[in-house]
>>> print(open('query_34.txt').read())   # compact mmCIF, C-alpha atoms and all ligand atoms
# COMPACT_ATOMS: atom_id res chain seq x y z
CA MET A 1386 8.66 18.73 1.15
CA LYS A 1387 10.84 16.64 3.43
CA LEU A 1388 9.34 14.90 6.39
CA THR A 1389 10.84 14.16 9.80
CA GLU A 1390 10.16 11.52 12.41
CA LYS A 1391 7.79 14.03 14.04
CA THR A 1392 6.01 15.48 11.02
CA VAL A 1393 5.30 12.07 9.49
CA LYS A 1394 2.98 11.27 12.39
CA ASN A 1395 -0.43 10.10 11.16
CA LYS A 1396 0.51 10.64 7.54
CA LEU A 1397 0.34 8.38 4.55
CA VAL A 1398 3.07 8.98 1.95
CA PHE A 1399 2.77 7.67 -1.59
CA LEU A 1400 6.29 6.71 -2.62
CA GLY A 1401 4.90 5.56 -5.93
CA THR A 1402 1.65 5.32 -7.83
CA ALA A 1403 2.67 3.12 -10.78
CA GLY A 1404 1.21 -0.32 -11.27
CA ALA A 1405 2.07 -3.33 -13.37
CA ARG A 1406 4.78 -3.81 -15.94
CA TYR A 1407 4.83 -0.80 -18.25
CA ALA A 1408 4.15 1.93 -15.73
CA SER A 1409 6.44 0.51 -13.01
CA PHE A 1410 9.37 -0.73 -14.99
CA GLY A 1411 9.07 1.91 -17.70
CA LEU A 1412 9.24 4.43 -14.84
CA ILE A 1413 6.18 6.26 -16.14
CA ARG A 1414 5.59 6.87 -12.45
CA GLN A 1415 7.45 5.79 -9.28
CA ALA A 1416 6.66 2.41 -7.73
CA GLY A 1417 7.92 2.66 -4.14
CA GLY A 1418 4.68 1.71 -2.37
CA MET A 1419 3.37 3.57 0.67
CA TRP A 1420 4.79 4.72 3.97
CA LEU A 1421 2.17 4.79 6.70
CA ASN A 1422 2.53 6.27 10.15
CA VAL A 1423 -0.15 5.36 12.69
CA GLU A 1424 0.30 7.19 15.99
CA GLY A 1425 4.07 7.03 15.65
CA THR A 1426 4.29 3.45 14.33
CA ASN A 1427 5.83 3.36 10.86
CA VAL A 1428 4.90 0.73 8.29
CA HIS A 1429 6.14 0.42 4.71
CA ILE A 1430 3.62 -1.27 2.44
CA ASP A 1431 4.77 -2.82 -0.84
CA PRO A 1432 8.32 -1.45 -1.24
CA GLY A 1433 8.61 -1.76 -5.01
CA PRO A 1434 11.53 -0.68 -7.24
CA GLY A 1435 13.08 2.58 -6.02
CA ALA A 1436 11.33 2.50 -2.63
CA PHE A 1437 14.64 2.84 -0.83
CA ILE A 1438 15.66 5.99 -2.72
CA TYR A 1439 12.23 7.64 -2.70
CA THR A 1440 11.99 7.04 1.05
CA HIS A 1441 15.27 8.79 1.76
CA ARG A 1442 14.41 11.61 -0.64
CA LYS A 1443 11.30 12.31 1.41
CA GLY A 1444 13.45 12.64 4.53
CA LEU A 1445 12.17 9.32 5.84
CA ASN A 1446 14.56 6.72 7.22
CA PRO A 1447 13.67 3.03 6.93
CA HIS A 1448 15.42 2.52 10.26
CA TRP A 1449 12.30 4.03 11.88
CA LEU A 1450 10.09 1.27 10.50
CA SER A 1451 8.42 -1.20 12.81
CA ALA A 1452 6.90 -3.32 10.06
CA ILE A 1453 6.96 -4.03 6.34
CA ILE A 1454 4.03 -5.52 4.51
CA ILE A 1455 4.39 -7.26 1.17
CA SER A 1456 0.95 -7.85 -0.33
CA HIS A 1457 2.39 -10.30 -2.85
CA ARG A 1458 5.60 -11.35 -4.53
CA HIS A 1459 5.31 -9.42 -7.81
CA LEU A 1460 8.36 -7.21 -8.08
CA ASP A 1461 6.48 -3.93 -8.46
CA HIS A 1462 5.45 -4.59 -4.82
CA CYS A 1463 8.69 -5.82 -3.29
CA ALA A 1464 11.77 -5.22 -5.47
CA ASP A 1465 13.43 -3.05 -2.78
CA VAL A 1466 12.44 -5.05 0.27
CA ASN A 1467 15.98 -6.26 0.92
CA HIS A 1468 17.42 -2.73 0.86
CA VAL A 1469 14.71 -1.57 3.24
CA ILE A 1470 15.37 -4.45 5.65
CA GLU A 1471 19.10 -3.71 5.58
CA THR A 1472 18.35 -0.15 6.69
CA ILE A 1473 15.88 -1.20 9.39
CA THR A 1474 18.44 -3.53 10.90
CA LEU A 1475 21.46 -1.28 10.22
CA GLY A 1476 22.96 -3.97 8.03
CA GLY A 1477 22.20 -6.67 10.55
CA LYS A 1478 23.55 -4.84 13.59
CA ARG A 1479 20.16 -4.59 15.28
CA LYS A 1480 17.40 -7.19 15.37
CA LYS A 1481 14.44 -5.03 14.46
CA GLY A 1482 11.24 -5.00 12.44
CA ILE A 1483 8.46 -7.38 11.52
CA LEU A 1484 7.85 -8.54 7.98
CA PHE A 1485 4.35 -9.61 6.94
CA CYS A 1486 4.26 -11.51 3.66
CA PRO A 1487 2.54 -14.42 1.94
CA GLU A 1488 4.23 -17.79 2.20
CA ASP A 1489 5.29 -17.84 -1.46
CA ALA A 1490 7.35 -14.67 -0.97
CA ILE A 1491 9.79 -16.54 1.24
CA SER A 1492 9.57 -20.17 0.17
CA GLU A 1493 10.89 -21.38 -3.17
CA ASP A 1494 12.64 -18.65 -5.20
CA PRO A 1495 12.19 -16.15 -2.35
CA VAL A 1496 11.93 -12.41 -3.03
CA VAL A 1497 13.17 -11.71 0.49
CA LEU A 1498 16.66 -13.06 1.01
CA LYS A 1499 17.22 -15.40 3.94
CA PHE A 1500 20.24 -13.31 4.77
CA THR A 1501 18.28 -10.07 5.33
CA ARG A 1502 15.27 -11.79 6.87
CA ASN A 1503 17.36 -13.40 9.59
CA ASN A 1504 18.19 -9.93 10.88
CA LEU A 1505 14.54 -9.04 11.43
CA GLN A 1506 12.84 -9.47 14.74
CA GLU A 1507 10.15 -11.62 13.14
CA THR A 1508 8.64 -12.81 9.88
CA VAL A 1509 4.90 -13.39 9.95
CA THR A 1510 3.29 -15.43 7.17
CA ILE A 1511 0.00 -13.86 6.19
CA LYS A 1512 -3.11 -16.02 6.32
CA GLU A 1513 -6.66 -14.90 5.66
CA GLY A 1514 -8.12 -13.43 8.86
CA LEU A 1515 -4.75 -12.78 10.54
CA SER A 1516 -4.74 -9.77 12.84
CA GLU A 1517 -1.78 -8.52 14.88
CA ILE A 1518 -0.97 -5.50 16.96
CA VAL A 1519 2.35 -3.84 16.22
CA GLU A 1520 2.91 -1.06 18.76
CA ASN A 1521 0.16 1.51 18.01
CA ALA A 1522 -1.21 -0.17 14.89
CA LYS A 1523 -3.63 -3.03 14.49
CA ILE A 1524 -2.82 -4.76 11.23
CA SER A 1525 -5.31 -7.21 9.71
CA PHE A 1526 -5.53 -9.20 6.50
CA PRO A 1527 -9.23 -9.77 5.94
CA ILE A 1528 -9.30 -11.76 2.72
CA LYS A 1529 -7.16 -13.57 0.17
CA HIS A 1530 -7.32 -11.80 -3.18
CA ILE A 1531 -7.55 -13.28 -6.67
CA HIS A 1532 -4.35 -12.36 -8.47
CA GLY A 1533 -2.46 -15.43 -9.67
CA VAL A 1534 0.07 -15.47 -6.83
CA GLU A 1535 -0.90 -15.47 -3.15
CA THR A 1536 -2.06 -11.89 -2.45
CA TYR A 1537 -3.61 -10.04 0.50
CA GLY A 1538 -4.79 -6.54 1.13
CA THR A 1539 -4.75 -5.08 4.60
CA VAL A 1540 -6.81 -3.07 7.08
CA ILE A 1541 -4.78 -0.93 9.46
CA LYS A 1542 -6.26 0.92 12.43
CA ASN A 1543 -5.01 2.76 15.45
CA LEU A 1544 -5.89 1.14 18.76
CA THR A 1545 -9.03 3.25 19.27
CA GLY A 1546 -10.23 2.60 15.72
CA GLU A 1547 -10.52 6.32 14.94
CA ILE A 1548 -8.01 5.91 12.17
CA SER A 1549 -8.90 3.10 9.77
CA ILE A 1550 -7.41 2.44 6.40
CA GLY A 1551 -8.24 -0.31 3.97
CA TYR A 1552 -5.74 -1.15 1.25
CA ILE A 1553 -7.11 -3.29 -1.57
CA SER A 1554 -3.96 -4.49 -3.26
CA ASP A 1555 -3.89 -6.17 -6.67
CA THR A 1556 -6.91 -8.35 -7.31
CA LYS A 1557 -9.62 -9.26 -9.71
CA PHE A 1558 -12.93 -7.83 -8.51
CA PHE A 1559 -15.09 -10.25 -6.52
CA ASP A 1560 -18.10 -9.60 -4.29
CA LYS A 1561 -16.48 -10.70 -1.03
CA LEU A 1562 -14.16 -7.68 -1.18
CA LEU A 1563 -17.13 -5.47 -0.26
CA GLU A 1564 -17.67 -7.20 3.07
CA ALA A 1565 -13.96 -7.67 3.80
CA TYR A 1566 -13.16 -3.95 3.61
CA SER A 1567 -16.48 -2.61 4.94
CA GLY A 1568 -16.31 0.08 7.62
CA VAL A 1569 -12.95 1.61 6.72
CA LYS A 1570 -12.75 5.41 6.68
CA ILE A 1571 -9.99 5.63 4.12
CA LEU A 1572 -10.14 3.21 1.23
CA ILE A 1573 -7.04 2.80 -0.95
CA MET A 1574 -7.42 0.76 -4.11
CA ASN A 1575 -4.96 -0.43 -6.71
CA VAL A 1576 -6.84 0.58 -9.84
CA THR A 1577 -4.49 -0.57 -12.55
CA LEU A 1578 -6.93 -0.67 -15.46
CA LYS A 1579 -9.12 1.99 -16.97
CA ASN A 1580 -11.51 -0.51 -18.54
CA PRO A 1581 -12.16 -4.05 -17.29
CA ARG A 1582 -10.15 -6.76 -19.03
CA PRO A 1583 -11.51 -10.13 -17.93
CA THR A 1584 -8.23 -11.95 -18.51
CA ILE A 1585 -6.18 -9.55 -16.36
CA PRO A 1586 -6.74 -9.93 -12.60
CA HIS A 1587 -6.64 -6.23 -11.69
CA LEU A 1588 -9.25 -3.69 -10.61
CA SER A 1589 -10.59 -1.27 -13.21
CA THR A 1590 -12.35 2.08 -12.76
CA PRO A 1591 -15.89 0.58 -12.85
CA ASP A 1592 -14.78 -1.88 -10.13
CA ALA A 1593 -13.46 1.01 -8.04
CA LYS A 1594 -16.79 2.77 -8.38
CA ILE A 1595 -18.67 -0.30 -7.11
CA LEU A 1596 -16.28 -0.66 -4.16
CA ILE A 1597 -16.67 3.00 -3.22
CA LYS A 1598 -20.46 2.96 -3.57
CA GLU A 1599 -20.84 -0.12 -1.39
CA ILE A 1600 -18.14 0.53 1.20
CA MET A 1601 -18.86 4.28 1.42
CA PRO A 1602 -15.57 5.37 3.02
CA GLU A 1603 -15.04 9.01 3.97
CA VAL A 1604 -12.27 9.25 1.39
CA ALA A 1605 -11.24 6.91 -1.43
CA ILE A 1606 -7.75 6.98 -2.93
CA MET A 1607 -6.86 5.29 -6.20
CA THR A 1608 -3.25 4.33 -6.92
CA HIS A 1609 -1.10 1.70 -8.72
CA PHE A 1610 -2.00 2.97 -12.16
CA GLY A 1611 -1.13 1.03 -15.27
CA ARG A 1612 -0.15 2.75 -18.45
CA THR A 1613 -3.68 3.21 -19.82
CA MET A 1614 -4.80 4.71 -16.51
CA VAL A 1615 -1.93 7.20 -16.39
CA TYR A 1616 -2.65 8.33 -19.94
CA ALA A 1617 -6.38 8.60 -19.18
CA LYS A 1618 -5.70 11.34 -16.56
CA PRO A 1619 -6.65 9.55 -13.34
CA TRP A 1620 -7.48 12.85 -11.60
CA GLU A 1621 -10.32 13.38 -14.10
CA ILE A 1622 -11.59 9.85 -13.51
CA ALA A 1623 -11.42 10.45 -9.74
CA GLN A 1624 -13.44 13.65 -10.08
CA LYS A 1625 -16.09 11.81 -12.07
CA ILE A 1626 -16.30 9.06 -9.44
CA SER A 1627 -16.57 11.72 -6.70
CA ASP A 1628 -19.48 13.35 -8.54
CA GLU A 1629 -21.24 10.07 -9.16
CA THR A 1630 -20.80 8.50 -5.70
CA GLY A 1631 -20.69 11.54 -3.44
CA VAL A 1632 -17.49 10.12 -1.88
CA LYS A 1633 -14.41 12.29 -2.14
CA THR A 1634 -12.12 10.31 -4.43
CA ILE A 1635 -8.48 11.17 -5.02
CA ALA A 1636 -6.14 9.88 -7.72
CA ALA A 1637 -2.82 9.64 -5.88
CA TRP A 1638 0.30 11.23 -7.34
CA ASP A 1639 3.94 10.43 -6.62
CA ASN A 1640 5.11 11.78 -3.26
CA MET A 1641 1.58 12.77 -2.24
CA ILE A 1642 1.19 13.14 1.50
CA PHE A 1643 -2.22 12.42 3.00
CA ASP A 1644 -3.10 13.47 6.53
CA LEU A 1645 -4.97 10.72 8.40
CA GLU A 1646 -6.45 13.18 10.90
CA THR A 1647 -7.80 15.88 8.58
CA LEU A 1648 -8.43 13.40 5.71
CA LYS A 1649 -6.84 15.87 3.31
CA THR A 1650 -3.75 15.92 1.17
CA VAL A 1651 -0.92 18.07 2.50
CA LYS A 1652 0.05 21.05 0.37
CA GLN A 1653 3.71 20.85 -0.54
CA ARG A 1654 6.14 23.41 -1.80
ZN ZN A 1701 0.61 -7.94 -8.88
>>> encode(input="query_34.txt", output="C-alpha cells", more="lines below")
Ligand SMILES: [Zn+2]
Amino acid sequence: MKLTEKTVKNKLVFLGTAGARYASFGLIRQAGGMWLNVEGTNVHIDPGPGAFIYTHRKGLNPHWLSAIIISHRHLDHCADVNHVIETITLGGKRKKGILFCPEDAISEDPVVLKFTRNNLQETVTIKEGLSEIVENAKISFPIKHIHGVETYGTVIKNLTGEISIGYISDTKFFDKLLEAYSGVKILIMNVTLKNPRPTIPHLSTPDAKILIKEIMPEVAIMTHFGRTMVYAKPWEIAQKISDETGVKTIAAWDNMIFDLETLKTVKQR
C-alpha cells in the first residue's frame, strides 16, 4: 500500500526491521529505519541502508520531512542519511530540515557529510535530557545508552501528549532505561538478540520482557532483529510476551504501518 502526505498522518512506517551486521547487510530484512508522522510533522528515525528507496516505494517523499534523528553512527542506522538530506533540501536548493545526532556522527570521520549538512536548516547535537519542539512534535532524548558509540533513544509526543512513543534504540540493558522511558503509550525496542549475550551490547528477548512489564505501555513493538531473532520467528516470541505480560506486543515486519490513533497495524493489500 502506498501512502500519501495525507494518509501518512499519525502513522508509523517501518522501512526496515533488520538489526546488526548479518541481518542488515545480508539483506535478510530491510534496514531503512522508521518514518513517523505526528500530527502532520514527519520525522525519519535511523535511515539505514536502503532507507531512501524504501521511502519512495511507500509513496513517501523525504522532502516532506521536518527532522531526521540518528540514534548513533553505526551504518545500519544512518547509511542513507546523505541521500535523505539531499531530498529534503532538493539537492541544496532549499534550506530545510533539522538533524538530531550524537556528536560523534559529525565530528571525526563523520557519517553525515559536511556538504549535505550545510544545506539543512539546523543540526542539533543530542545530549542526555535534550528536549525540543519541532512543529507538532515534542522530541526528547531521555538517556544515553550503553552501546560502544554515543547512542540515544528518543521519546516523541504530540503537543497534547495524547500520542507518546518511546524508541529504545541499540543498547545493553540497564535499570535506568525503565525510568527513562516510563509513561510512553507505544514502546518500540530494538531487540536484536534472542538470548542475552553479555559481551554484545544489544537488547535480548528477556530484556524486552522486563522493559514491557515495568513500563507497561499500551502497545509494545519489537524491531531491529538480528539473524538469530529472524530465524526464531519473532512473531511467535511476541505472542509469548503478550501472553506473559498482558501487554499487546507486536514483532514488526518490513513496511508495516502502525496507526498511532487506533494503536493497531494497518491492513495492507
Ligand atoms: Zn548499533
>>> residues_near_ligand(input="query_34.txt", ligand="ligand ZN 1701 (chain A)", cutoff="7 Å", atoms="only C-alpha atoms and all ligand atoms", output="JSON, numbers by chain")
{"A": [1405, 1457, 1459, 1532, 1555]}
>>> closest_atom_pairs(input="query_34.txt", of="range 1562-1614 of chain A", to="range 1410-1418 of chain A", cutoff="9 Å", atoms="only C-alpha atoms", output="Markdown table")
| residue | atom | partner | partner_atom | distance |
| --- | --- | --- | --- | --- |
| A:His1609 | CA | A:Ala1416 | CA | 7.9 |
| A:Phe1610 | CA | A:Arg1414 | CA | 8.5 |
| A:Arg1612 | CA | A:Ile1413 | CA | 7.6 |
>>> residues_around(input="query_34.txt", residues="range 1501-1507 of chain A", least_positions_apart="4", cutoff="12 Å", atoms="all atoms listed in the file", output="PyMOL selection string")
chain A and resi 1448+1450-1453+1465-1486+1490-1491+1495-1497+1519
>>> residues_around(input="query_34.txt", residues="His1587 in chain A", least_positions_apart="6", cutoff="10 Å", atoms="all atoms listed in the file", output="number ranges by chain")
A: 1404-1405, 1531-1532, 1554-1558, 1575-1578, 1581, 1611
>>> write_last_selection(input="query_34.txt", atoms="C-alpha atoms", output="PDB file, keeping the file's coordinate frame")
ATOM      1  CA  GLY A1404       1.210  -0.320 -11.270  1.00  0.00           C
ATOM      2  CA  ALA A1405       2.070  -3.330 -13.370  1.00  0.00           C
ATOM      3  CA  ILE A1531      -7.550 -13.280  -6.670  1.00  0.00           C
ATOM      4  CA  HIS A1532      -4.350 -12.360  -8.470  1.00  0.00           C
ATOM      5  CA  SER A1554      -3.960  -4.490  -3.260  1.00  0.00           C
ATOM      6  CA  ASP A1555      -3.890  -6.170  -6.670  1.00  0.00           C
ATOM      7  CA  THR A1556      -6.910  -8.350  -7.310  1.00  0.00           C
ATOM      8  CA  LYS A1557      -9.620  -9.260  -9.710  1.00  0.00           C
ATOM      9  CA  PHE A1558     -12.930  -7.830  -8.510  1.00  0.00           C
ATOM     10  CA  ASN A1575      -4.960  -0.430  -6.710  1.00  0.00           C
ATOM     11  CA  VAL A1576      -6.840   0.580  -9.840  1.00  0.00           C
ATOM     12  CA  THR A1577      -4.490  -0.570 -12.550  1.00  0.00           C
ATOM     13  CA  LEU A1578      -6.930  -0.670 -15.460  1.00  0.00           C
ATOM     14  CA  PRO A1581     -12.160  -4.050 -17.290  1.00  0.00           C
ATOM     15  CA  GLY A1611      -1.130   1.030 -15.270  1.00  0.00           C
TER      16      GLY A1611
END
>>> closest_atom_pairs(input="query_34.txt", of="range 1470-1586 of chain A", to="range 1421-1436 of chain A", cutoff="8 Å", atoms="only C-alpha atoms", output="Markdown table")
| residue | atom | partner | partner_atom | distance |
| --- | --- | --- | --- | --- |
| A:Val1519 | CA | A:Thr1426 | CA | 7.8 |
| A:Glu1520 | CA | A:Thr1426 | CA | 6.5 |
| A:Asn1521 | CA | A:Thr1426 | CA | 5.9 |
| A:Ala1522 | CA | A:Val1423 | CA | 6.0 |
| A:Lys1542 | CA | A:Val1423 | CA | 7.6 |
| A:Asn1543 | CA | A:Val1423 | CA | 6.2 |
| A:Ile1548 | CA | A:Val1423 | CA | 7.9 |
>>> closest_residue(input="query_34.txt", among="A:Ile1600, A:Thr1508, A:Ile1550, A:Glu1564", to="Ile1524 in chain A", atoms="only C-alpha atoms")
A:Ile1550
>>> atom_distance(input="query_34.txt", atom1="CA of Val1604 in chain A", atom2="CA of Ile1635 in chain A")
7.7 Å
>>> closest_residue(input="query_34.txt", among="A:Lys1652, A:Leu1515, A:Asn1580, A:Tyr1566", to="Asn1640 in chain A", atoms="only C-alpha atoms")
A:Lys1652
>>> axis_aligned_box(input="query_34.txt", around="range 1579-1584 of chain A", padding_each_side="8 Å", output="AutoDock Vina command-line options")
--center_x -10.2 --center_y -5.0 --center_z -18.0 --size_x 19.9 --size_y 29.9 --size_z 18.1
>>> closest_residue(input="query_34.txt", among="A:Lys1394, A:Lys1499, A:Lys1633, A:Lys1387", to="Trp1449 in chain A", atoms="all atoms listed in the file")
A:Lys1394
>>> closest_residue(input="query_34.txt", among="A:Cys1463, A:Met1574, A:Ile1642, A:Leu1562", to="Glu1599 in chain A", atoms="only C-alpha atoms")
A:Leu1562
>>> atom_distance(input="query_34.txt", atom1="CA of Leu1544 in chain A", atom2="CA of Gly1568 in chain A")
15.3 Å
>>> atom_distance(input="query_34.txt", atom1="CA of Asp1461 in chain A", atom2="CA of Pro1619 in chain A")
19.4 Å
>>> closest_residue(input="query_34.txt", among="A:Pro1583, A:Gly1631, A:Gly1514, A:Pro1602", to="Ser1549 in chain A", atoms="all atoms listed in the file")
A:Pro1602
>>> decode(input="query_34.txt", residues="range 1429-1489 of chain A", atoms="C-alpha atoms", output="PDB file, in the first residue's frame")
ATOM      1  CA  HIS A1429      12.718   9.842   9.780  1.00  0.00           C
ATOM      2  CA  ILE A1430      14.424   7.870  12.526  1.00  0.00           C
ATOM      3  CA  ASP A1431      17.607   5.924  11.759  1.00  0.00           C
ATOM      4  CA  PRO A1432      17.737   5.960   7.934  1.00  0.00           C
ATOM      5  CA  GLY A1433      19.865   2.860   7.418  1.00  0.00           C
ATOM      6  CA  PRO A1434      20.900   1.243   4.103  1.00  0.00           C
ATOM      7  CA  GLY A1435      18.096   1.405   1.542  1.00  0.00           C
ATOM      8  CA  ALA A1436      16.032   3.953   3.500  1.00  0.00           C
ATOM      9  CA  PHE A1437      15.897   6.263   0.512  1.00  0.00           C
ATOM     10  CA  ILE A1438      14.493   3.602  -1.828  1.00  0.00           C
ATOM     11  CA  TYR A1439      12.076   2.049   0.673  1.00  0.00           C
ATOM     12  CA  THR A1440      10.727   5.511   1.491  1.00  0.00           C
ATOM     13  CA  HIS A1441       9.936   6.302  -2.127  1.00  0.00           C
ATOM     14  CA  ARG A1442       8.470   2.825  -2.670  1.00  0.00           C
ATOM     15  CA  LYS A1443       5.989   3.521   0.102  1.00  0.00           C
ATOM     16  CA  GLY A1444       4.890   6.693  -1.694  1.00  0.00           C
ATOM     17  CA  LEU A1445       6.634   8.840   0.897  1.00  0.00           C
ATOM     18  CA  ASN A1446       8.860  11.725  -0.141  1.00  0.00           C
ATOM     19  CA  PRO A1447      11.778  12.727   2.084  1.00  0.00           C
ATOM     20  CA  HIS A1448      11.156  16.312   1.002  1.00  0.00           C
ATOM     21  CA  TRP A1449       8.201  16.295   3.429  1.00  0.00           C
ATOM     22  CA  LEU A1450      10.468  15.619   6.395  1.00  0.00           C
ATOM     23  CA  SER A1451      10.913  18.198   9.111  1.00  0.00           C
ATOM     24  CA  ALA A1452      13.512  16.240  11.058  1.00  0.00           C
ATOM     25  CA  ILE A1453      15.875  13.289  10.914  1.00  0.00           C
ATOM     26  CA  ILE A1454      17.097  11.508  14.001  1.00  0.00           C
ATOM     27  CA  ILE A1455      20.227   9.379  14.027  1.00  0.00           C
ATOM     28  CA  SER A1456      20.379   7.399  17.263  1.00  0.00           C
ATOM     29  CA  HIS A1457      24.040   6.556  16.652  1.00  0.00           C
ATOM     30  CA  ARG A1458      26.667   6.361  13.960  1.00  0.00           C
ATOM     31  CA  HIS A1459      26.530   2.630  13.158  1.00  0.00           C
ATOM     32  CA  LEU A1460      25.749   2.310   9.471  1.00  0.00           C
ATOM     33  CA  ASP A1461      22.642   0.152   9.885  1.00  0.00           C
ATOM     34  CA  HIS A1462      21.164   3.333  11.433  1.00  0.00           C
ATOM     35  CA  CYS A1463      22.435   6.030   9.101  1.00  0.00           C
ATOM     36  CA  ALA A1464      23.897   4.697   5.828  1.00  0.00           C
ATOM     37  CA  ASP A1465      21.333   6.610   3.722  1.00  0.00           C
ATOM     38  CA  VAL A1466      21.242   9.828   5.703  1.00  0.00           C
ATOM     39  CA  ASN A1467      23.013  11.825   2.998  1.00  0.00           C
ATOM     40  CA  HIS A1468      20.545  10.722   0.300  1.00  0.00           C
ATOM     41  CA  VAL A1469      17.647  11.625   2.562  1.00  0.00           C
ATOM     42  CA  ILE A1470      19.087  15.073   3.312  1.00  0.00           C
ATOM     43  CA  GLU A1471      19.640  15.701  -0.398  1.00  0.00           C
ATOM     44  CA  THR A1472      15.938  15.031  -0.991  1.00  0.00           C
ATOM     45  CA  ILE A1473      14.788  17.168   1.944  1.00  0.00           C
ATOM     46  CA  THR A1474      16.773  20.116   0.648  1.00  0.00           C
ATOM     47  CA  LEU A1475      16.145  19.406  -3.060  1.00  0.00           C
ATOM     48  CA  GLY A1476      19.862  18.977  -3.598  1.00  0.00           C
ATOM     49  CA  GLY A1477      20.678  22.070  -1.607  1.00  0.00           C
ATOM     50  CA  LYS A1478      18.131  24.349  -3.255  1.00  0.00           C
ATOM     51  CA  ARG A1479      16.099  24.831  -0.082  1.00  0.00           C
ATOM     52  CA  LYS A1480      17.379  25.227   3.459  1.00  0.00           C
ATOM     53  CA  LYS A1481      15.131  22.775   5.246  1.00  0.00           C
ATOM     54  CA  GLY A1482      15.090  20.153   7.967  1.00  0.00           C
ATOM     55  CA  ILE A1483      16.658  19.571  11.352  1.00  0.00           C
ATOM     56  CA  LEU A1484      19.108  16.773  12.018  1.00  0.00           C
ATOM     57  CA  PHE A1485      19.427  15.375  15.543  1.00  0.00           C
ATOM     58  CA  CYS A1486      22.523  13.240  16.039  1.00  0.00           C
ATOM     59  CA  PRO A1487      25.225  12.458  18.584  1.00  0.00           C
ATOM     60  CA  GLU A1488      28.400  14.489  18.376  1.00  0.00           C
ATOM     61  CA  ASP A1489      30.495  11.589  17.071  1.00  0.00           C
TER      62      ASP A1489
END
